[in-house]
$ cat target.txt   # compact mmCIF, C-alpha atoms and all ligand atoms
# COMPACT_ATOMS: atom_id res chain seq x y z
CA MET A 1 18.79 151.55 16.33
CA PRO A 2 15.38 152.46 14.87
CA LYS A 3 15.32 155.96 13.42
CA ILE A 4 12.98 158.62 14.75
CA ALA A 5 10.43 160.16 12.38
CA SER A 6 11.81 162.17 9.48
CA ARG A 7 9.21 164.92 9.95
CA LEU A 8 11.33 166.01 12.91
CA ASP A 9 14.22 166.80 10.57
CA HIS A 10 12.32 169.80 9.28
CA PHE A 11 12.28 171.97 12.37
CA THR A 12 14.46 172.67 15.39
CA GLU A 13 13.66 172.97 19.07
CA SER A 14 12.22 176.35 19.95
CA VAL A 15 14.86 179.07 19.85
CA ILE A 16 12.69 181.23 22.14
CA ARG A 17 12.63 178.59 24.86
CA GLU A 18 16.34 177.90 24.32
CA MET A 19 17.12 181.57 24.97
CA THR A 20 15.37 181.31 28.35
CA ARG A 21 17.77 178.49 29.21
CA VAL A 22 20.71 180.63 28.04
CA ALA A 23 19.42 183.57 30.13
CA ASN A 24 19.12 181.34 33.20
CA ALA A 25 22.57 179.82 32.66
CA CYS A 26 24.29 183.20 32.57
CA ASP A 27 21.97 184.94 35.00
CA ALA A 28 20.91 187.49 32.42
CA LEU A 29 17.69 189.49 32.53
CA ASN A 30 15.37 187.44 30.38
CA LEU A 31 13.85 189.68 27.72
CA SER A 32 13.72 186.71 25.34
CA GLN A 33 10.76 184.37 25.99
CA GLY A 34 7.78 186.63 26.55
CA PHE A 35 6.40 186.23 30.05
CA PRO A 36 5.96 188.64 32.97
CA ASP A 37 8.10 188.89 36.09
CA PHE A 38 5.13 190.35 37.96
CA ASP A 39 2.30 188.46 39.63
CA PRO A 40 -1.21 187.87 38.35
CA PRO A 41 -4.05 189.83 40.03
CA PRO A 42 -4.22 188.69 43.71
CA GLU A 43 -7.93 187.76 43.41
CA LEU A 44 -6.95 185.23 40.77
CA VAL A 45 -4.27 183.66 42.93
CA ALA A 46 -6.72 183.50 45.84
CA ALA A 47 -9.27 181.82 43.55
CA ALA A 48 -6.68 179.18 42.58
CA LYS A 49 -5.97 178.38 46.22
CA LYS A 50 -9.69 178.12 46.88
CA ALA A 51 -10.21 175.84 43.86
CA LEU A 52 -7.66 173.41 45.30
CA ASP A 53 -9.36 173.53 48.70
CA ASP A 54 -12.73 173.05 47.07
CA GLY A 55 -11.65 169.72 45.61
CA PHE A 56 -11.25 170.36 41.87
CA HIS A 57 -8.60 167.67 41.44
CA GLN A 58 -10.00 165.37 38.76
CA TYR A 59 -10.51 165.80 35.03
CA ALA A 60 -12.80 168.58 33.95
CA VAL A 61 -15.10 167.94 30.96
CA THR A 62 -12.60 167.37 28.15
CA TRP A 63 -13.60 170.43 26.14
CA GLY A 64 -13.62 172.67 29.22
CA ALA A 65 -15.20 173.10 32.63
CA PRO A 66 -18.78 174.41 32.16
CA ARG A 67 -18.32 177.46 34.44
CA PHE A 68 -15.14 178.42 32.59
CA ARG A 69 -16.81 178.11 29.17
CA GLU A 70 -19.82 180.11 30.33
CA ALA A 71 -17.68 182.94 31.66
CA LEU A 72 -15.44 182.87 28.58
CA ALA A 73 -18.40 182.88 26.19
CA ARG A 74 -19.84 185.90 28.00
CA LYS A 75 -16.56 187.81 27.96
CA GLN A 76 -15.58 187.02 24.39
CA ALA A 77 -19.10 187.60 23.02
CA GLY A 78 -18.79 191.15 24.29
CA TRP A 79 -15.34 191.77 22.85
CA MET A 80 -15.83 189.92 19.57
CA GLY A 81 -19.37 191.14 18.91
CA LEU A 82 -20.60 187.58 18.42
CA ASP A 83 -23.27 185.35 19.87
CA LEU A 84 -21.34 182.51 21.48
CA ASP A 85 -22.78 179.31 22.88
CA PRO A 86 -20.49 177.90 25.60
CA ASP A 87 -21.53 174.36 24.66
CA GLU A 88 -21.11 174.66 20.91
CA ASN A 89 -18.47 177.27 20.15
CA ILE A 90 -15.62 176.67 22.62
CA VAL A 91 -12.87 174.15 23.31
CA VAL A 92 -10.59 174.89 26.25
CA THR A 93 -6.99 173.86 25.54
CA CYS A 94 -3.60 173.66 27.24
CA GLY A 95 -2.52 177.14 26.29
CA SER A 96 -2.94 178.71 22.93
CA THR A 97 0.00 176.54 21.82
CA GLU A 98 -2.31 173.53 21.89
CA ALA A 99 -5.18 175.62 20.49
CA MET A 100 -3.09 176.41 17.42
CA MET A 101 -1.98 172.81 16.89
CA THR A 102 -5.55 171.59 17.35
CA ALA A 103 -6.87 174.25 14.97
CA LEU A 104 -4.40 173.27 12.24
CA MET A 105 -5.08 169.56 12.69
CA THR A 106 -8.81 170.27 12.56
CA ALA A 107 -8.61 172.42 9.42
CA CYS A 108 -5.92 170.74 7.35
CA ASN A 109 -5.25 167.42 5.68
CA PRO A 110 -1.67 166.24 5.18
CA GLY A 111 -0.43 167.90 2.01
CA ASP A 112 -2.59 171.03 2.39
CA LYS A 113 -0.98 174.45 2.16
CA VAL A 114 -1.14 176.97 4.98
CA ILE A 115 -0.34 180.66 4.52
CA VAL A 116 1.92 182.09 7.21
CA PHE A 117 3.02 185.72 7.31
CA SER A 118 6.77 186.15 7.78
CA PRO A 119 8.07 187.14 10.29
CA PHE A 120 5.98 184.76 12.36
CA TYR A 121 5.86 183.26 15.83
CA GLU A 122 8.07 180.21 15.49
CA ASN A 123 5.45 177.64 16.56
CA TYR A 124 3.45 178.02 13.34
CA GLY A 125 6.13 176.49 11.12
CA ALA A 126 6.50 173.47 13.39
CA ASP A 127 2.70 173.19 13.85
CA ALA A 128 2.17 173.12 10.10
CA ILE A 129 4.85 170.47 9.62
CA LEU A 130 3.47 168.30 12.45
CA THR A 131 0.04 168.55 10.79
CA GLY A 132 1.59 167.41 7.52
CA ALA A 133 0.75 170.75 5.91
CA THR A 134 3.15 172.91 3.91
CA PRO A 135 3.63 176.53 4.94
CA VAL A 136 3.43 179.15 2.16
CA TYR A 137 5.08 182.33 3.39
CA VAL A 138 3.94 185.86 2.61
CA ASP A 139 6.24 188.69 3.67
CA LEU A 140 5.27 191.46 6.05
CA ARG A 141 7.41 194.41 5.07
CA PRO A 142 8.79 197.04 7.45
CA PRO A 143 8.23 199.76 8.57
CA ASP A 144 4.50 199.02 8.92
CA PHE A 145 4.85 195.27 8.31
CA THR A 146 2.11 195.24 5.76
CA PHE A 147 1.72 192.66 2.97
CA ASP A 148 1.41 192.97 -0.78
CA PRO A 149 -2.21 192.04 -1.62
CA GLY A 150 -1.04 190.59 -4.96
CA GLU A 151 1.42 188.30 -3.21
CA LEU A 152 -1.28 187.23 -0.74
CA ARG A 153 -3.68 186.48 -3.61
CA LYS A 154 -1.01 184.30 -5.26
CA ALA A 155 -0.60 182.37 -2.01
CA PHE A 156 -4.36 181.72 -1.93
CA GLU A 157 -4.28 180.79 -5.62
CA SER A 158 -1.69 178.13 -4.81
CA GLY A 159 -4.59 176.30 -3.13
CA ALA A 160 -4.09 177.23 0.52
CA LYS A 161 -6.55 175.64 2.89
CA ALA A 162 -5.91 178.09 5.73
CA LEU A 163 -4.12 181.28 6.71
CA VAL A 164 -2.55 181.85 10.11
CA LEU A 165 -3.14 185.35 11.44
CA CYS A 166 -1.28 186.51 14.54
CA ASN A 167 -2.95 189.77 15.50
CA PRO A 168 -1.62 191.74 17.36
CA SER A 169 1.46 190.26 15.93
CA ASN A 170 4.43 188.56 17.52
CA PRO A 171 7.28 189.50 16.87
CA THR A 172 6.54 192.74 14.98
CA GLY A 173 4.00 194.38 17.30
CA LYS A 174 1.84 195.07 14.26
CA VAL A 175 -1.91 195.51 14.70
CA PHE A 176 -3.65 194.66 11.43
CA THR A 177 -5.83 197.46 10.06
CA LEU A 178 -9.45 197.04 9.06
CA GLU A 179 -8.41 197.42 5.40
CA GLU A 180 -5.82 194.64 5.70
CA LEU A 181 -8.27 192.37 7.51
CA THR A 182 -10.88 193.04 4.84
CA ILE A 183 -8.42 191.97 2.12
CA ILE A 184 -7.62 188.79 4.07
CA ALA A 185 -11.30 188.07 4.76
CA ASP A 186 -12.33 188.63 1.14
CA LEU A 187 -9.60 186.31 -0.14
CA ALA A 188 -10.46 183.64 2.45
CA LYS A 189 -14.09 183.78 1.27
CA GLU A 190 -13.17 183.82 -2.43
CA PHE A 191 -10.87 180.80 -2.07
CA ASP A 192 -12.96 179.06 0.59
CA ALA A 193 -10.14 178.91 3.14
CA PHE A 194 -10.01 179.02 6.93
CA VAL A 195 -8.42 181.83 8.91
CA ILE A 196 -6.76 180.51 12.05
CA THR A 197 -6.01 183.33 14.45
CA ASP A 198 -3.59 183.71 17.31
CA GLU A 199 -5.00 186.59 19.34
CA VAL A 200 -3.22 186.12 22.64
CA TYR A 201 -2.30 189.83 22.69
CA GLU A 202 -5.90 190.96 22.00
CA HIS A 203 -5.90 193.15 25.13
CA ILE A 204 -2.37 194.53 24.74
CA VAL A 205 -2.89 197.23 22.12
CA TYR A 206 -1.50 200.76 22.38
CA GLU A 207 -3.50 203.88 21.63
CA PRO A 208 -4.53 204.97 19.03
CA PHE A 209 -4.56 201.42 17.65
CA ALA A 210 -7.47 199.04 18.18
CA HIS A 211 -7.86 195.30 17.79
CA THR A 212 -10.41 193.93 15.33
CA TYR A 213 -11.48 190.31 15.64
CA ILE A 214 -11.61 188.92 12.12
CA ALA A 215 -14.17 186.33 13.34
CA GLY A 216 -16.57 189.19 13.94
CA MET A 217 -16.32 190.53 10.40
CA ASP A 218 -19.06 189.91 7.86
CA GLY A 219 -19.35 186.26 6.86
CA MET A 220 -16.16 185.28 8.67
CA PHE A 221 -17.37 183.37 11.73
CA GLU A 222 -17.94 180.11 9.81
CA ARG A 223 -14.41 180.13 8.43
CA THR A 224 -12.44 181.54 11.35
CA ILE A 225 -10.87 179.43 14.07
CA SER A 226 -10.00 181.92 16.81
CA CYS A 227 -7.25 180.84 19.19
CA SER A 228 -6.29 182.73 22.29
CA SER A 229 -5.40 182.26 25.92
CA LEU A 230 -5.45 183.73 29.39
CA SER A 231 -1.64 183.72 29.61
CA LYS A 232 -0.86 187.27 28.60
CA THR A 233 -4.11 188.97 29.61
CA TYR A 234 -3.91 187.84 33.24
CA ALA A 235 -0.13 187.21 33.55
CA VAL A 236 -0.54 183.44 34.00
CA THR A 237 1.62 181.94 31.25
CA GLY A 238 2.36 178.90 33.41
CA TRP A 239 -1.29 178.05 33.93
CA ARG A 240 -1.57 176.87 30.33
CA LEU A 241 -5.16 177.94 29.77
CA GLY A 242 -6.05 178.56 26.16
CA TYR A 243 -9.07 178.10 23.96
CA ILE A 244 -10.54 177.84 20.50
CA ILE A 245 -13.67 179.71 19.49
CA ALA A 246 -15.33 178.67 16.24
CA SER A 247 -18.54 177.48 14.61
CA ALA A 248 -20.25 174.39 16.01
CA ASP A 249 -19.08 172.33 13.00
CA VAL A 250 -15.44 173.22 13.50
CA ILE A 251 -15.68 172.76 17.26
CA ARG A 252 -17.04 169.23 16.83
CA GLY A 253 -13.83 168.38 14.97
CA ALA A 254 -11.55 170.34 17.30
CA ARG A 255 -12.97 168.59 20.38
CA LYS A 256 -11.85 165.25 18.97
CA VAL A 257 -8.31 166.44 18.26
CA HIS A 258 -8.03 168.12 21.65
CA ASP A 259 -9.42 165.12 23.54
CA PHE A 260 -6.82 162.75 22.10
CA LEU A 261 -3.96 165.23 22.34
CA THR A 262 -4.31 166.31 25.95
CA VAL A 263 -7.77 165.32 27.38
CA GLY A 264 -8.05 168.67 29.06
CA ALA A 265 -6.58 171.74 30.69
CA ALA A 266 -5.95 171.88 34.45
CA ALA A 267 -9.32 171.58 36.22
CA PRO A 268 -8.63 173.70 39.33
CA LEU A 269 -7.14 176.50 37.23
CA GLN A 270 -10.19 176.58 34.97
CA GLU A 271 -12.36 177.02 38.07
CA ALA A 272 -10.09 179.77 39.37
CA ALA A 273 -9.94 181.58 36.05
CA VAL A 274 -13.68 182.25 36.13
CA THR A 275 -12.77 185.05 38.55
CA ALA A 276 -10.54 186.69 35.94
CA LEU A 277 -13.01 186.23 33.10
CA ASN A 278 -15.54 188.16 35.19
CA PHE A 279 -13.24 191.15 35.80
CA PRO A 280 -14.85 194.50 34.95
CA LEU A 281 -13.92 196.34 31.74
CA SER A 282 -11.69 198.69 33.73
CA TYR A 283 -9.25 195.77 34.16
CA TYR A 284 -8.50 195.86 30.44
CA ASP A 285 -8.00 199.66 30.44
CA ASP A 286 -5.58 199.29 33.32
CA LEU A 287 -3.79 196.47 31.50
CA ARG A 288 -3.32 198.64 28.42
CA ASP A 289 -2.06 201.56 30.53
CA TRP A 290 0.36 199.29 32.38
CA TYR A 291 1.85 197.89 29.18
CA THR A 292 1.97 201.37 27.63
CA GLN A 293 4.10 202.44 30.59
CA LEU A 294 6.41 199.42 30.19
CA ARG A 295 6.69 199.97 26.45
CA ASP A 296 7.55 203.63 26.91
CA ILE A 297 10.23 202.87 29.51
CA PHE A 298 11.90 200.26 27.33
CA LEU A 299 11.63 202.15 24.04
CA GLY A 300 13.05 205.20 25.85
CA TYR A 301 16.19 203.21 26.70
CA LEU A 302 16.49 201.81 23.18
CA ASP A 303 16.28 205.34 21.88
CA ARG A 304 18.90 206.65 24.33
CA ALA A 305 21.14 203.71 23.46
CA GLY A 306 20.86 204.74 19.81
CA LEU A 307 19.36 201.36 18.89
CA SER A 308 16.94 201.47 16.02
CA SER A 309 13.56 199.83 16.38
CA ILE A 310 9.99 200.12 15.15
CA ALA A 311 7.56 201.02 17.92
CA PRO A 312 5.04 198.22 18.46
CA GLN A 313 1.33 199.00 18.08
CA GLY A 314 0.38 195.99 20.17
CA ALA A 315 1.79 192.91 21.96
CA TYR A 316 4.93 193.32 24.08
CA TYR A 317 7.80 192.79 21.70
CA VAL A 318 10.14 195.03 19.79
CA LEU A 319 12.50 194.13 16.97
CA VAL A 320 15.82 195.94 17.18
CA ASP A 321 18.15 196.43 14.24
CA VAL A 322 21.69 195.37 15.16
CA SER A 323 23.30 195.65 11.72
CA GLU A 324 25.74 198.28 13.03
CA PHE A 325 27.45 195.49 15.04
CA GLY A 326 28.27 193.66 11.82
CA VAL A 327 26.14 190.70 12.89
CA THR A 328 26.30 187.70 10.60
CA ASP A 329 25.08 185.17 13.17
CA ASP A 330 22.29 186.66 15.24
CA ALA A 331 22.06 183.59 17.50
CA ALA A 332 25.74 183.97 18.47
CA PHE A 333 25.14 187.71 18.93
CA CYS A 334 22.24 187.03 21.33
CA ARG A 335 24.30 184.55 23.33
CA ARG A 336 27.09 187.14 23.60
CA LEU A 337 24.58 189.80 24.63
CA ALA A 338 23.24 187.53 27.38
CA GLU A 339 26.71 186.61 28.63
CA LYS A 340 28.41 189.99 28.40
CA ALA A 341 25.62 192.54 28.76
CA GLY A 342 23.35 190.39 30.96
CA VAL A 343 20.29 190.90 28.77
CA ALA A 344 18.74 188.03 26.80
CA ALA A 345 16.95 188.55 23.47
CA VAL A 346 15.71 186.21 20.75
CA PRO A 347 17.60 186.09 17.44
CA GLY A 348 15.35 187.53 14.76
CA SER A 349 16.22 184.77 12.28
CA SER A 350 13.99 182.37 14.20
CA PHE A 351 10.94 184.40 13.15
CA PHE A 352 11.71 184.79 9.46
CA HIS A 353 11.29 182.43 6.59
CA GLU A 354 13.80 184.38 4.51
CA PRO A 355 17.42 184.67 5.74
CA VAL A 356 17.42 187.68 8.09
CA ASN A 357 20.28 188.20 10.49
CA HIS A 358 20.23 191.82 11.53
CA LEU A 359 17.30 191.86 13.96
CA ILE A 360 16.85 190.72 17.54
CA ARG A 361 13.61 190.63 19.55
CA PHE A 362 13.22 191.93 23.09
CA HIS A 363 10.04 191.67 25.15
CA PHE A 364 9.12 194.19 27.80
CA ALA A 365 6.60 192.31 29.96
CA LYS A 366 8.74 193.05 32.97
CA ARG A 367 8.41 195.32 36.00
CA PRO A 368 9.62 198.90 35.49
CA GLU A 369 12.58 198.20 37.80
CA THR A 370 13.66 195.22 35.68
CA LEU A 371 13.35 197.25 32.49
CA GLU A 372 15.41 200.06 34.07
CA ILE A 373 18.24 197.65 34.84
CA ALA A 374 18.06 196.05 31.39
CA GLY A 375 17.89 199.51 29.81
CA ARG A 376 20.96 200.73 31.69
CA ARG A 377 22.87 197.67 30.56
CA LEU A 378 21.86 198.30 26.97
CA LEU A 379 23.10 201.90 27.18
CA LYS A 380 26.58 200.38 27.39
CA ILE A 381 26.08 197.89 24.60
CA ARG A 382 28.79 199.36 22.36
CA GLU A 383 31.42 199.14 25.09
CA ILE A 384 30.49 195.58 25.96
CA ILE A 385 29.83 193.82 22.67
N1 LIG B 1 4.79 183.80 23.05
C1 LIG B 1 6.01 183.85 23.82
C2 LIG B 1 7.15 184.41 22.99
O1 LIG B 1 7.02 184.61 21.81
C3 LIG B 1 6.44 182.51 24.29
C4 LIG B 1 5.39 181.53 24.41
C5 LIG B 1 5.95 180.19 24.71
O2 LIG B 1 7.16 180.02 24.85
N2 LIG B 1 5.07 179.25 24.78
O3 LIG B 1 8.18 184.64 23.54
$ encode --input "target.txt" --output "structure tokens"
Amino acid sequence: MPKIASRLDHFTESVIREMTRVANACDALNLSQGFPDFDPPPELVAAAKKALDDGFHQYAVTWGAPRFREALARKQAGWMGLDLDPDENIVVTCGSTEAMMTALMTACNPGDKVIVFSPFYENYGADAILTGATPVYVDLRPPDFTFDPGELRKAFESGAKALVLCNPSNPTGKVFTLEELTIIADLAKEFDAFVITDEVYEHIVYEPFAHTYIAGMDGMFERTISCSSLSKTYAVTGWRLGYIIASADVIRGARKVHDFLTVGAAAPLQEAAVTALNFPLSYYDDLRDWYTQLRDIFLGYLDRAGLSSIAPQGAYYVLVDVSEFGVTDDAAFCRRLAEKAGVAAVPGSSFFHEPVNHLIRFHFAKRPETLEIAGRRLLKIREII
């Protein structure tokens, strides 16, 4: 038998996606893989039906349907404070998962180093390895999940070609401050490195916190590869619509990678999504209020259950400390929680570079009724587990 590639020995299948399978198998409420159990805005669904009727069945332009790129450039220019040319600064991808992979393959040669903050969204480790790059981890330390600037400088000094910045951050819920972003930006400039962002939670930020796009900071546009998607903002994770925004030089490279990886994102859904990209600003206020309500419901239950967590500033995840249960294997603990308590979470170890076993991650992108049921189950956690 021929052997499959050895690069695959260095990472596992996604633990997040595995937990969804566990949740389904034991009929647990799925607070593991982060996706909503509520529908997208009805206008968006209507636009998708219309796009199918209107005959958008064949490939769109590989780097994105023109109407989609125009609407996206307009929307993001406003939010990011940048002048964006839909023809030069955008590649539309199959979700931000592909955007990230494409960004890394565009920025890095095999053997390059990539700085990744730990804890981190699990894809980045695998993405770096598939690119042939080596991750260099820099810790984010609780309670505010900030980094030590000296440690970050050392990581840049090791010759890193790029830094991955997930902001707002999955799984910590951290929103990077202007001071932190300035340190990152200054180091990236000093060491001539790229910053590759994952900003899929850009519109899910709780007051009084605010999201800053590092691409919009002084002198950063040329070295930032901004990745994001429509998944979380419009509750369409299954549509797989993501994108990269960057300088024309970077985009020329990214288009090539994207073209040969996937050719393009779903044409009818790109047409439909123009409707969402043209939503008024009030949509984003309502989105923040909605997620604030969901966060408050879920954190209220965690609090009443006596479970210790750090309130997220953005995104829709919360890390919960389960050390009191004497957990030595958080994956086994999460499976038990799904089976016995009927609530699925992601073992925290899958987000950390260092061995961490006392945290689990819940997401709360679920209807209030779902969160109430999950919350009531968690109130009994000590009797059940
Ligand atoms: N970002 C989501 C999470 O962390 C999952 C995304 C995915 O599975 N592609 O749960």
$ residues_around --input "target.txt" --residues "stretch 311-324 of chain A" --least-positions-apart "3" --cutoff "8 Å" --atoms "only C-alpha atoms" --output "ChimeraX atom specification"
/A:34,168-175,201-202,204-207,209,291,295,299,307-308,327,348,358-365
$ residues_near_ligand --input "target.txt" --ligand "ligand LIG 1 (chain B)" --cutoff "10 Å" --atoms "only C-alpha atoms and all ligand atoms" --output "ChimeraX atom specification"
/A:14-20,31-35,95-98,120-123,169-171,200-201,231-232,237-238,240,315-317,345-346,351,361-363
$ closest_residue --input "target.txt" --among "A:Gly78, A:Gly64, A:Pro368, A:Gly132" --to "A:Cys94" --atoms "all atoms listed in the file"
A:Gly64
$ residues_around --input "target.txt" --residues "A:Phe221" --least-positions-apart "3" --cutoff "10 Å" --atoms "all atoms listed in the file" --output "MDAnalysis selection string"
chainID A and resid 82 194:195 213:218 224:226 245:247
$ closest_residue --input "target.txt" --among "A:Asp259, A:Asp112, A:Asp249, A:Glu222" --to "A:Trp63" --atoms "all atoms listed in the file"
A:Asp259
$ atom_distance --input "target.txt" --atom1 "atom CA of A:Gly342" --atom2 "atom CA of A:Pro355"
26.5 Å
$ residues_near_point --input "target.txt" --point "(21.0, 207.2, 24.0)" --cutoff "12 Å" --atoms "all atoms listed in the file" --output "JSON, numbers by chain"
{"A": [298, 299, 300, 301, 302, 303, 304, 305, 306, 307, 308, 375, 376, 377, 378, 379, 380, 381, 382]}
$ atom_distance --input "target.txt" --atom1 "atom CA of A:Gln76" --atom2 "atom CA of A:Val236"
18.2 Å
$ atom_distance --input "target.txt" --atom1 "atom CA of A:Thr62" --atom2 "atom CA of A:Gly264"
4.8 Å
$ residues_around --input "target.txt" --residues "A:Phe156" --least-positions-apart "6" --cutoff "12 Å" --atoms "all atoms listed in the file" --output "number ranges by chain"
A: 112-116, 135-138, 149-150, 162-163, 183-195
$ closest_residue --input "target.txt" --among "A:Met220, A:Leu104, A:Cys166, A:Val274" --to "A:Arg67" --atoms "only C-alpha atoms"
A:Val274
$ build_atoms --input "target.txt" --residues "stretch 157-176 of chain A" --atoms "N, CA and C atoms" --output "compact mmCIF listing (two decimals), in the coordinates of the input"
# COMPACT_ATOMS: atom_id res chain seq x y z
N GLU A 157 -4.10 181.49 -4.33
CA GLU A 157 -4.28 180.79 -5.62
C GLU A 157 -3.51 179.47 -5.65
N SER A 158 -2.46 179.38 -4.81
CA SER A 158 -1.69 178.13 -4.81
C SER A 158 -2.50 177.00 -4.16
N GLY A 159 -3.69 177.34 -3.67
CA GLY A 159 -4.59 176.30 -3.13
C GLY A 159 -4.54 176.19 -1.63
N ALA A 160 -4.21 177.30 -0.94
CA ALA A 160 -4.09 177.23 0.52
C ALA A 160 -5.42 176.89 1.17
N LYS A 161 -5.35 176.05 2.16
CA LYS A 161 -6.55 175.64 2.89
C LYS A 161 -6.82 176.58 4.07
N ALA A 162 -5.75 177.23 4.56
CA ALA A 162 -5.91 178.09 5.73
C ALA A 162 -4.83 179.16 5.75
N LEU A 163 -5.11 180.23 6.48
CA LEU A 163 -4.12 181.28 6.71
C LEU A 163 -4.00 181.46 8.22
N VAL A 164 -2.77 181.60 8.69
CA VAL A 164 -2.55 181.85 10.11
C VAL A 164 -2.37 183.35 10.31
N LEU A 165 -3.18 183.91 11.20
CA LEU A 165 -3.14 185.35 11.44
C LEU A 165 -2.83 185.61 12.91
N CYS A 166 -1.64 186.13 13.17
CA CYS A 166 -1.28 186.51 14.54
C CYS A 166 -1.52 188.00 14.66
N ASN A 167 -2.54 188.37 15.41
CA ASN A 167 -2.95 189.77 15.50
C ASN A 167 -3.46 190.05 16.90
N PRO A 168 -2.87 191.02 17.61
CA PRO A 168 -1.62 191.74 17.36
C PRO A 168 -0.46 190.77 17.20
N SER A 169 0.50 191.21 16.45
CA SER A 169 1.46 190.26 15.93
C SER A 169 2.75 190.15 16.75
N ASN A 170 3.14 188.92 16.95
CA ASN A 170 4.43 188.56 17.52
C ASN A 170 5.28 188.11 16.34
N PRO A 171 6.46 188.63 16.04
CA PRO A 171 7.28 189.50 16.87
C PRO A 171 7.23 190.98 16.50
N THR A 172 6.39 191.38 15.52
CA THR A 172 6.54 192.74 14.98
C THR A 172 5.82 193.80 15.81
N GLY A 173 4.81 193.40 16.58
CA GLY A 173 4.00 194.38 17.30
C GLY A 173 2.99 195.05 16.39
N LYS A 174 2.82 194.49 15.19
CA LYS A 174 1.84 195.07 14.26
C LYS A 174 0.41 194.75 14.70
N VAL A 175 -0.48 195.74 14.54
CA VAL A 175 -1.91 195.51 14.70
C VAL A 175 -2.52 195.67 13.32
N PHE A 176 -3.12 194.63 12.80
CA PHE A 176 -3.65 194.66 11.43
C PHE A 176 -4.80 195.67 11.33
